[in-house]
Every structure is written in structure tokens, then in C-alpha cells.
>>> print(open('structure-v9.cif').read())   # mmCIF, C-alpha atoms and all ligand atoms
data_query
loop_
_atom_site.label_atom_id
_atom_site.label_comp_id
_atom_site.auth_asym_id
_atom_site.auth_seq_id
_atom_site.Cartn_x
_atom_site.Cartn_y
_atom_site.Cartn_z
CA SER A 464 24.50 -24.33 57.56
CA GLY A 465 25.36 -26.06 54.33
CA GLY A 466 28.03 -23.77 52.92
CA GLY A 467 26.02 -23.22 49.74
CA ASP A 468 24.81 -20.06 48.04
CA LEU A 469 21.39 -20.35 49.77
CA ASP A 470 22.97 -20.76 53.20
CA GLY A 471 20.68 -19.48 55.98
CA LEU A 472 17.73 -18.80 53.67
CA ARG A 473 14.38 -20.03 55.05
CA VAL A 474 12.16 -21.23 52.24
CA VAL A 475 8.69 -22.74 51.84
CA VAL A 476 7.95 -24.90 48.79
CA SER A 477 4.56 -26.38 47.95
CA THR A 478 4.19 -29.33 45.62
CA GLY A 479 1.73 -31.90 44.29
CA GLY A 480 -1.92 -31.72 43.34
CA THR A 481 -4.80 -30.88 45.64
CA ARG A 482 -7.86 -33.11 45.93
CA GLU A 483 -11.27 -31.60 46.42
CA PRO A 484 -13.64 -34.15 47.97
CA ILE A 485 -17.01 -34.90 46.33
CA ASP A 486 -18.07 -37.55 48.86
CA PRO A 487 -16.17 -39.99 51.14
CA VAL A 488 -14.85 -41.97 48.17
CA ARG A 489 -14.47 -39.47 45.29
CA PHE A 490 -12.54 -36.30 44.56
CA LEU A 491 -11.66 -33.76 41.88
CA GLY A 492 -7.93 -33.81 41.27
CA ASN A 493 -5.22 -33.12 38.74
CA ARG A 494 -2.21 -34.86 37.25
CA SER A 495 0.58 -33.19 39.24
CA SER A 496 3.13 -35.80 40.30
CA GLY A 497 4.92 -33.50 42.74
CA ARG A 498 8.24 -34.01 40.92
CA GLN A 499 8.89 -30.36 40.06
CA GLY A 500 8.25 -29.02 43.57
CA ALA A 501 10.19 -31.85 45.22
CA ALA A 502 13.16 -31.02 42.98
CA VAL A 503 12.88 -27.32 43.92
CA ALA A 504 12.89 -28.27 47.63
CA LEU A 505 15.83 -30.66 47.37
CA ALA A 506 17.88 -28.22 45.28
CA ALA A 507 17.33 -25.52 47.93
CA ALA A 508 18.34 -27.84 50.79
CA GLU A 509 21.47 -29.01 48.97
CA ARG A 510 22.43 -25.36 48.41
CA GLY A 511 22.15 -24.63 52.15
CA ALA A 512 18.57 -23.42 52.67
CA ASP A 513 16.24 -24.52 55.47
CA VAL A 514 13.21 -25.91 53.67
CA GLU A 515 9.58 -26.35 54.67
CA LEU A 516 8.09 -28.66 52.04
CA VAL A 517 4.28 -28.70 51.96
CA ALA A 518 3.09 -31.58 49.82
CA ALA A 519 -0.39 -32.32 48.53
CA HIS A 520 -0.91 -35.56 46.56
CA VAL A 521 2.17 -36.86 44.77
CA ASP A 522 3.26 -40.02 42.99
CA ASP A 523 4.86 -42.81 45.02
CA GLY A 524 8.45 -42.19 46.02
CA VAL A 525 8.59 -38.62 44.70
CA LEU A 526 9.18 -37.09 48.14
CA ASP A 527 11.72 -39.67 49.38
CA ALA A 528 14.95 -37.85 48.54
CA ALA A 529 13.76 -34.45 49.75
CA ALA A 530 12.19 -35.85 52.95
CA ALA A 531 15.44 -37.65 53.81
CA HIS A 532 17.45 -34.42 53.69
CA PRO A 533 18.24 -33.07 57.18
CA ARG A 534 17.34 -29.50 56.21
CA VAL A 535 13.87 -30.40 54.85
CA ARG A 536 10.75 -30.55 57.04
CA LEU A 537 7.77 -32.18 55.36
CA THR A 538 4.10 -31.32 55.99
CA ARG A 539 1.19 -32.99 54.17
CA ALA A 540 -2.06 -31.41 52.99
CA SER A 541 -4.90 -32.65 50.81
CA SER A 542 -7.36 -29.96 49.68
CA ALA A 543 -6.58 -26.40 48.59
CA GLN A 544 -7.87 -25.06 51.89
CA GLU A 545 -5.63 -27.44 53.88
CA LEU A 546 -2.65 -26.50 51.71
CA GLN A 547 -3.37 -22.82 52.27
CA GLU A 548 -3.52 -23.30 56.04
CA ALA A 549 -0.22 -25.18 56.07
CA VAL A 550 1.59 -22.67 53.84
CA VAL A 551 0.24 -19.54 55.51
CA THR A 552 1.17 -20.84 58.99
CA ILE A 553 4.87 -20.93 58.06
CA ALA A 554 5.09 -18.26 55.35
CA GLY A 555 5.50 -15.36 57.79
CA GLU A 556 8.81 -16.82 59.02
CA SER A 557 10.27 -17.41 55.59
CA ASP A 558 12.43 -15.48 53.13
CA VAL A 559 11.16 -17.16 49.97
CA VAL A 560 7.88 -18.94 49.19
CA VAL A 561 7.63 -21.06 46.03
CA MET A 562 4.17 -22.27 45.00
CA ALA A 563 4.77 -25.24 42.70
CA ALA A 564 1.65 -27.10 43.83
CA ALA A 565 -1.20 -27.54 41.35
CA VAL A 566 -4.04 -26.03 43.35
CA ALA A 567 -7.67 -26.55 42.37
CA ASP A 568 -9.36 -23.25 41.56
CA TYR A 569 -12.75 -24.73 42.52
CA ARG A 570 -14.07 -27.14 45.13
CA VAL A 571 -17.34 -28.98 45.37
CA ALA A 572 -20.08 -27.03 47.14
CA GLY A 573 -21.62 -29.08 49.94
CA THR A 574 -19.43 -32.18 50.05
CA SER A 575 -21.64 -35.19 50.83
CA ASP A 576 -20.93 -37.30 53.95
CA THR A 577 -22.51 -40.31 52.27
CA LYS A 578 -21.51 -41.86 48.98
CA LEU A 579 -23.51 -40.34 46.14
CA SER A 580 -25.55 -43.05 44.49
CA LYS A 581 -26.49 -43.42 40.86
CA LYS A 582 -29.99 -42.17 40.20
CA GLY A 583 -31.81 -43.31 37.08
CA ASP A 584 -30.50 -42.55 33.61
CA GLU A 585 -29.95 -38.85 34.03
CA GLY A 586 -26.63 -37.01 34.14
CA LEU A 587 -25.22 -35.50 37.30
CA SER A 588 -24.20 -31.90 37.90
CA LEU A 589 -21.79 -30.80 40.59
CA ASP A 590 -21.91 -27.27 41.98
CA LEU A 591 -18.45 -25.77 42.34
CA VAL A 592 -17.35 -22.79 44.40
CA GLN A 593 -14.08 -20.90 44.07
CA ASN A 594 -11.15 -21.81 46.28
CA PRO A 595 -8.99 -19.11 47.85
CA ASP A 596 -6.08 -17.98 45.67
CA ILE A 597 -3.23 -18.94 48.00
CA LEU A 598 -0.59 -17.06 46.02
CA ALA A 599 -2.58 -13.82 45.91
CA GLY A 600 -3.03 -14.04 49.70
CA LEU A 601 0.71 -14.58 50.20
CA VAL A 602 1.47 -11.50 48.08
CA GLU A 603 -1.04 -9.45 50.07
CA ASP A 604 0.55 -10.49 53.40
CA ARG A 605 4.14 -10.37 52.16
CA VAL A 606 6.59 -9.46 54.92
CA PRO A 607 9.47 -7.03 54.19
CA GLY A 608 12.27 -8.63 52.20
CA GLN A 609 10.24 -11.69 51.31
CA THR A 610 10.28 -13.10 47.77
CA ILE A 611 7.13 -14.79 46.44
CA VAL A 612 7.54 -17.16 43.49
CA GLY A 613 4.64 -18.58 41.50
CA PHE A 614 4.33 -21.07 38.69
CA ALA A 615 2.08 -20.71 35.66
CA ALA A 616 0.92 -23.91 34.00
CA GLU A 617 -0.48 -23.02 30.58
CA THR A 618 -1.54 -24.80 27.42
CA ALA A 619 -0.49 -22.70 24.43
CA PRO A 620 0.00 -23.51 20.75
CA THR A 621 2.85 -21.01 20.34
CA GLU A 622 5.61 -19.66 22.56
CA GLU A 623 4.25 -16.15 22.03
CA GLU A 624 0.90 -17.17 23.45
CA LEU A 625 2.57 -19.03 26.33
CA LEU A 626 4.49 -15.91 27.33
CA SER A 627 1.55 -13.55 26.93
CA LYS A 628 -0.56 -15.81 29.17
CA GLY A 629 2.37 -15.92 31.60
CA ARG A 630 2.73 -12.12 31.66
CA ALA A 631 -0.99 -11.69 32.30
CA LYS A 632 -0.80 -14.17 35.18
CA ARG A 633 2.31 -12.47 36.60
CA ARG A 634 0.45 -9.16 36.74
CA ARG A 635 -2.74 -10.68 38.12
CA LYS A 636 -0.94 -12.49 40.92
CA GLY A 637 1.63 -9.76 41.69
CA VAL A 638 4.45 -12.23 42.36
CA ASP A 639 8.15 -11.25 42.34
CA LEU A 640 9.04 -14.13 40.04
CA LEU A 641 6.89 -16.38 37.85
CA ALA A 642 8.10 -19.70 36.41
CA VAL A 643 6.07 -20.30 33.25
CA ASN A 644 5.77 -23.85 31.93
CA GLU A 645 3.79 -25.34 29.12
CA VAL A 646 1.53 -28.21 30.11
CA GLY A 647 -0.43 -30.64 27.99
CA TRP A 648 -1.31 -34.29 27.58
CA ASP A 649 2.38 -35.18 27.44
CA LYS A 650 4.09 -32.06 28.84
CA GLY A 651 4.83 -30.53 32.23
CA PHE A 652 2.87 -32.84 34.49
CA GLU A 653 4.31 -36.24 35.40
CA SER A 654 7.21 -36.09 32.94
CA GLY A 655 10.82 -36.03 34.13
CA GLU A 656 11.74 -32.95 32.10
CA ASN A 657 10.51 -29.40 31.99
CA LEU A 658 11.07 -26.03 30.31
CA LEU A 659 10.74 -23.01 32.60
CA VAL A 660 10.72 -19.36 31.51
CA PHE A 661 11.28 -16.91 34.37
CA LEU A 662 9.47 -13.55 34.39
CA ASP A 663 10.44 -10.86 36.91
CA ALA A 664 8.21 -8.19 38.49
CA ARG A 665 8.56 -6.05 35.35
CA ASP A 666 7.29 -8.97 33.23
CA GLU A 667 10.76 -9.28 31.67
CA GLU A 668 12.14 -12.72 30.82
CA ILE A 669 15.27 -12.93 32.98
CA ALA A 670 16.20 -16.56 32.25
CA ARG A 671 14.96 -19.84 30.86
CA SER A 672 16.01 -23.40 31.51
CA HIS A 673 15.30 -26.71 29.85
CA GLY A 674 16.17 -30.18 31.12
CA SER A 675 15.54 -32.41 34.10
CA LYS A 676 13.22 -31.07 36.79
CA ARG A 677 16.26 -30.86 39.06
CA ARG A 678 18.18 -28.83 36.50
CA VAL A 679 15.36 -26.30 36.05
CA ALA A 680 14.93 -26.21 39.85
CA ASP A 681 18.53 -25.02 40.18
CA ALA A 682 17.83 -22.37 37.52
CA LEU A 683 14.83 -21.24 39.59
CA TRP A 684 17.07 -20.66 42.63
CA ASP A 685 19.60 -18.81 40.43
CA ALA A 686 16.76 -16.55 39.28
CA VAL A 687 15.63 -16.01 42.89
CA LEU A 688 19.18 -14.95 43.83
CA THR A 689 19.28 -12.59 40.83
CA ILE A 690 16.09 -10.77 41.77
CA ARG A 691 16.90 -10.69 45.50
CA GLY A 692 20.30 -9.20 44.67
CA SER A 693 18.87 -6.53 42.41
CA ARG A 694 16.48 -4.79 44.79
O1 LIG A 701 4.09 -32.01 39.73
P1 LIG A 701 4.68 -32.30 38.37
O2 LIG A 701 4.05 -33.52 37.73
O3 LIG A 701 6.19 -32.37 38.42
O4 LIG A 701 4.29 -31.10 37.38
C1 LIG A 701 4.80 -29.80 37.65
C2 LIG A 701 3.73 -28.70 37.47
C3 LIG A 701 3.34 -28.58 36.00
C4 LIG A 701 2.50 -29.02 38.31
C5 LIG A 701 4.40 -27.39 37.99
O5 LIG A 701 5.56 -27.11 37.26
C6 LIG A 701 3.44 -26.21 37.94
O6 LIG A 701 3.25 -25.55 36.93
N1 LIG A 701 2.79 -25.92 39.11
C7 LIG A 701 1.70 -24.91 39.20
C8 LIG A 701 0.40 -25.54 38.74
C9 LIG A 701 -0.74 -24.55 38.81
O7 LIG A 701 -1.64 -24.68 39.61
O8 LIG A 701 -0.64 -23.54 37.95
P2 LIG A 701 -1.73 -22.38 37.74
O9 LIG A 701 -1.25 -21.64 36.53
O10 LIG A 701 -3.12 -22.94 37.74
O11 LIG A 701 -1.59 -21.49 39.02
C10 LIG A 701 -0.73 -20.36 39.08
C11 LIG A 701 -0.07 -20.24 40.44
O12 LIG A 701 -1.04 -19.95 41.45
C12 LIG A 701 0.69 -21.48 40.92
O13 LIG A 701 1.85 -21.05 41.59
C13 LIG A 701 -0.30 -22.13 41.89
O14 LIG A 701 0.40 -22.86 42.89
C14 LIG A 701 -1.00 -20.92 42.47
N2 LIG A 701 -2.42 -21.12 42.88
C15 LIG A 701 -3.35 -21.55 41.98
C16 LIG A 701 -4.68 -21.65 42.35
C17 LIG A 701 -5.04 -21.34 43.69
N3 LIG A 701 -6.31 -21.44 44.10
N4 LIG A 701 -4.10 -20.91 44.56
C18 LIG A 701 -2.80 -20.79 44.17
O15 LIG A 701 -1.94 -20.37 44.96
#
>>> encode(input="structure-v9.cif", output="C-alpha cells")
Amino acid sequence: SGGGDLDGLRVVVSTGGTREPIDPVRFLGNRSSGRQGAAVALAAAERGADVELVAAHVDDGVLDAAAAHPRVRLTRASSAQELQEAVVTIAGESDVVVMAAAVADYRVAGTSDTKLSKKGDEGLSLDLVQNPDILAGLVEDRVPGQTIVGFAAETAPTEEELLSKGRAKRRRKGVDLLAVNEVGWDKGFESGENLLVFLDARDEEIARSHGSKRRVADALWDAVLTIRGSR
């Protein structure tokens, strides 16, 4: 017990970007550094929670501080399917699940066991199949009293469009809380700062936070406490 306001809470946090193998040497990936999810995990542990951190691919050193905390247990995963297996295995025992990982919506159909070789001057097409929606599955299997938190990473030219995309995603996924962030070539991914807008289960904006990924992580836990207290 840490004596913080999340004392005794059991939480699962996913972070990083999944990699979907093409062949033994290539993959489809994304630019998630794992910083935001690692900050969410460390903030929870420092506020007293017991944290299961499930990390896909992250930048060097990003997990060090969280992994060194005595209340954080780290599990690694690579593809979306591996991440799902790791998260689902522990989700049933947890009070809050936060999906900050950038999960590939598609994987390569029929991954090759041998390195694909270049053939002539023609282009190459890859067949993709849909990955499971981990968050939707968590919502479907939600245990009583459990809070499911999703992220929405959206490109949007205006704040209005960002929030309307966020609200649509909140409804589609059925989560209790959605942290909406704008992403782009120089926003969201990799950077040290973030802006999060929190939507509750009525699609209402209940808070927003701008600053370091650690600062907005603390705001996320404040928002979780708000919605858990109000139901
Ligand atoms: O890692 P950083 O460099 O610090 O960057 C942080 C971040 C931008 C990656 C992070 O803040 C963020 O937005 N994470 C979610 C990225 C994402 O996959 O967003 P999405 O809008 O595509 O997905 C919506 C939600 O569904 C997310 O909670 C995602 O984890 C989840 N999802 C998505 C696809 C899928 N097949 N299964 C899922 O569970």
C-alpha cells in the first residue's frame, strides 16, 4: 500500500506500438514510443495502485522508471494478438484497464516463413486482415465495477473535428472514459508533451490537460477517480 489516492486499486495499462510481421525480417508498425502509457503506469504506481504494465514496442529507456517501481509488473508483447492475450489474461482481476497502446487494426494475411524476395520490376501488394479490437472485447467482458479507459489518436484540422471523431469513437467502443489526443507528423507520438481531452460515458468532456506526458497521466487518473466516484 502506497498511501496514495489509488491505494489498493489493481490496474492494467498497455503501451507502445504493435508490430505485425510480414516475414522473418519485416513488419508493419507505428510510431508509438510508449512514453504516454509508461507515464500512466508510473503515475498509478506512485499514487498507490498495483500496476500490470503490458508493453509492445517502445523506444529505448522508456520503460525503465516504471519497471523499476516495486508496484509495477512488466509483461512484453509484440503483435496485436499477443498484446490481446496478455491483457485479457489479467484484465479479469483488475479494477481499471487503460489501453494506451497503439494497436494495429490490420495484420498481414499469411505471414511468410521465408524472406520475401524482390521479383522483377513490378510492385508488391500485401493482403491485410483485421485484428481483433482488444478494447471492444474488454468492454464486452467487463466485470462488475470495472472501469475501461481507451485512447483515441486522431488527426483533425480543428478541435471541433477532433472532438466529434472522439465522440464517435467513444460510442463505437463503449468505454467508460476516452482520452482523446491529436496526432500528426509532429504531435502525440514520440513527443514529450501531450494534450488529452477526457470524454465520459455520456460523451461529455469532463476534463482536459496539457503538458508533459506525466502531467496528463495524472489528469487521467483524476478523471478515472471522478467517474468511479459518480456511479
Ligand atoms: O507512445 P507515445 O509515443 O507516447 O504516443 C502516445 C499515443 C499517441 C500512442 C497515445 O496517447 C495513444 O493515443 N494511444 C492509442 C493509439 C491508438 O491505437 O489509437 P486508436 O484511436 O487507433 O485506437 C483507439 C483505442 O482502441 C485505443 O485505446 C487502442 O489501444 C484501442 N485498440 C485499437 C485497435 C485495436 N485493434 N484494438 C484496440 O484495443
>>> closest_residue(input="structure-v9.cif", among="A:Ala564, A:Leu579, A:Val592, A:Ile690", to="ligand LIG 701 (chain A)", atoms="all atoms listed in the file")
A:Ala564
>>> residues_near_ligand(input="structure-v9.cif", ligand="ligand LIG 701 (chain A)", cutoff="6 Å", atoms="all atoms listed in the file", output="PyMOL selection string")
chain A and resi 479+495-499+562-568+594-598+613-616+644+651-653
>>> write_last_selection(input="structure-v9.cif", atoms="C-alpha atoms", output="PDB file, in the frame of the given file")
ATOM      1  CA  GLY A 479       1.730 -31.900  44.290  1.00  0.00           C
ATOM      2  CA  SER A 495       0.580 -33.190  39.240  1.00  0.00           C
ATOM      3  CA  SER A 496       3.130 -35.800  40.300  1.00  0.00           C
ATOM      4  CA  GLY A 497       4.920 -33.500  42.740  1.00  0.00           C
ATOM      5  CA  ARG A 498       8.240 -34.010  40.920  1.00  0.00           C
ATOM      6  CA  GLN A 499       8.890 -30.360  40.060  1.00  0.00           C
ATOM      7  CA  MET A 562       4.170 -22.270  45.000  1.00  0.00           C
ATOM      8  CA  ALA A 563       4.770 -25.240  42.700  1.00  0.00           C
ATOM      9  CA  ALA A 564       1.650 -27.100  43.830  1.00  0.00           C
ATOM     10  CA  ALA A 565      -1.200 -27.540  41.350  1.00  0.00           C
ATOM     11  CA  VAL A 566      -4.040 -26.030  43.350  1.00  0.00           C
ATOM     12  CA  ALA A 567      -7.670 -26.550  42.370  1.00  0.00           C
ATOM     13  CA  ASP A 568      -9.360 -23.250  41.560  1.00  0.00           C
ATOM     14  CA  ASN A 594     -11.150 -21.810  46.280  1.00  0.00           C
ATOM     15  CA  PRO A 595      -8.990 -19.110  47.850  1.00  0.00           C
ATOM     16  CA  ASP A 596      -6.080 -17.980  45.670  1.00  0.00           C
ATOM     17  CA  ILE A 597      -3.230 -18.940  48.000  1.00  0.00           C
ATOM     18  CA  LEU A 598      -0.590 -17.060  46.020  1.00  0.00           C
ATOM     19  CA  GLY A 613       4.640 -18.580  41.500  1.00  0.00           C
ATOM     20  CA  PHE A 614       4.330 -21.070  38.690  1.00  0.00           C
ATOM     21  CA  ALA A 615       2.080 -20.710  35.660  1.00  0.00           C
ATOM     22  CA  ALA A 616       0.920 -23.910  34.000  1.00  0.00           C
ATOM     23  CA  ASN A 644       5.770 -23.850  31.930  1.00  0.00           C
ATOM     24  CA  GLY A 651       4.830 -30.530  32.230  1.00  0.00           C
ATOM     25  CA  PHE A 652       2.870 -32.840  34.490  1.00  0.00           C
ATOM     26  CA  GLU A 653       4.310 -36.240  35.400  1.00  0.00           C
TER      27      GLU A 653
END
>>> residues_around(input="structure-v9.cif", residues="Lys650 (chain A)", least_positions_apart="4", cutoff="12 Å", atoms="all atoms listed in the file", output="list in words")
Arg494, Ser495, Ala616, Glu617, Thr618, Ala619, Asn644, Glu645, Val646, Ser654, Gly655, Glu656, Asn657, Leu658 and Leu659 of chain A
>>> residues_around(input="structure-v9.cif", residues="Ser477 (chain A)", least_positions_apart="6", cutoff="10 Å", atoms="all atoms listed in the file", output="PyMOL selection string")
chain A and resi 497+499-501+503-504+515-519+537-540+546-547+549-550+560-566
>>> residues_around(input="structure-v9.cif", residues="Asp558 (chain A)", least_positions_apart="3", cutoff="7 Å", atoms="all atoms listed in the file", output="MDAnalysis selection string")
chainID A and resid 472:474 608:610
>>> residues_around(input="structure-v9.cif", residues="Leu469 (chain A)", least_positions_apart="4", cutoff="9 Å", atoms="only C-alpha atoms", output="number ranges by chain")
A: 465, 473, 507-513, 684, 688
>>> write_last_selection(input="structure-v9.cif", atoms="C-alpha atoms", output="PDB file, keeping the file's coordinate frame")
ATOM      1  CA  GLY A 465      25.360 -26.060  54.330  1.00  0.00           C
ATOM      2  CA  ARG A 473      14.380 -20.030  55.050  1.00  0.00           C
ATOM      3  CA  ALA A 507      17.330 -25.520  47.930  1.00  0.00           C
ATOM      4  CA  ALA A 508      18.340 -27.840  50.790  1.00  0.00           C
ATOM      5  CA  GLU A 509      21.470 -29.010  48.970  1.00  0.00           C
ATOM      6  CA  ARG A 510      22.430 -25.360  48.410  1.00  0.00           C
ATOM      7  CA  GLY A 511      22.150 -24.630  52.150  1.00  0.00           C
ATOM      8  CA  ALA A 512      18.570 -23.420  52.670  1.00  0.00           C
ATOM      9  CA  ASP A 513      16.240 -24.520  55.470  1.00  0.00           C
ATOM     10  CA  TRP A 684      17.070 -20.660  42.630  1.00  0.00           C
ATOM     11  CA  LEU A 688      19.180 -14.950  43.830  1.00  0.00           C
TER      12      LEU A 688
END
>>> atom_distance(input="structure-v9.cif", atom1="CA of Val521 (chain A)", atom2="CA of Lys628 (chain A)")
26.3 Å
>>> atom_distance(input="structure-v9.cif", atom1="CA of Leu641 (chain A)", atom2="CA of Asp663 (chain A)")
6.6 Å
>>> closest_residue(input="structure-v9.cif", among="A:Ala506, A:Gly674, A:His520, A:Gly555", to="Val606 (chain A)", atoms="only C-alpha atoms")
A:Gly555
>>> atom_distance(input="structure-v9.cif", atom1="CA of Lys578 (chain A)", atom2="CA of Asp486 (chain A)")
5.5 Å
>>> residues_around(input="structure-v9.cif", residues="Glu483 (chain A)", least_positions_apart="6", cutoff="9 Å", atoms="only C-alpha atoms", output="compact mmCIF listing (two decimals) with C-alpha atoms, keeping the file's coordinate frame")
# COMPACT_ATOMS: atom_id res chain seq x y z
CA ARG A 489 -14.47 -39.47 45.29
CA PHE A 490 -12.54 -36.30 44.56
CA LEU A 491 -11.66 -33.76 41.88
CA GLY A 492 -7.93 -33.81 41.27
CA SER A 541 -4.90 -32.65 50.81
CA SER A 542 -7.36 -29.96 49.68
CA ALA A 543 -6.58 -26.40 48.59
CA ALA A 567 -7.67 -26.55 42.37
CA TYR A 569 -12.75 -24.73 42.52
CA ARG A 570 -14.07 -27.14 45.13
CA VAL A 571 -17.34 -28.98 45.37
CA THR A 574 -19.43 -32.18 50.05
>>> closest_residue(input="structure-v9.cif", among="A:Gly692, A:Gly466, A:Gly524, A:Gly600", to="Gly637 (chain A)", atoms="all atoms listed in the file")
A:Gly600
>>> residues_near_point(input="structure-v9.cif", point="(19.5, -14.7, 39.8)", cutoff="12 Å", atoms="only C-alpha atoms", output="list in words")
Asp468, Leu469, Leu640, Phe661, Leu662, Asp663, Glu668, Ile669, Ala670, Arg671, Asp681, Ala682, Leu683, Trp684, Asp685, Ala686, Val687, Leu688, Thr689, Ile690, Arg691, Gly692, Ser693 and Arg694 of chain A
>>> closest_residue(input="structure-v9.cif", among="A:Glu667, A:Asp584, A:Asp470, A:Asp523", to="Arg630 (chain A)", atoms="all atoms listed in the file")
A:Glu667
>>> closest_residue(input="structure-v9.cif", among="A:Val535, A:Val638, A:Asp590, A:Val643", to="Glu624 (chain A)", atoms="all atoms listed in the file")
A:Val643
>>> closest_residue(input="structure-v9.cif", among="A:Arg665, A:Arg677, A:Arg536, A:Lys636", to="Leu601 (chain A)", atoms="all atoms listed in the file")
A:Lys636
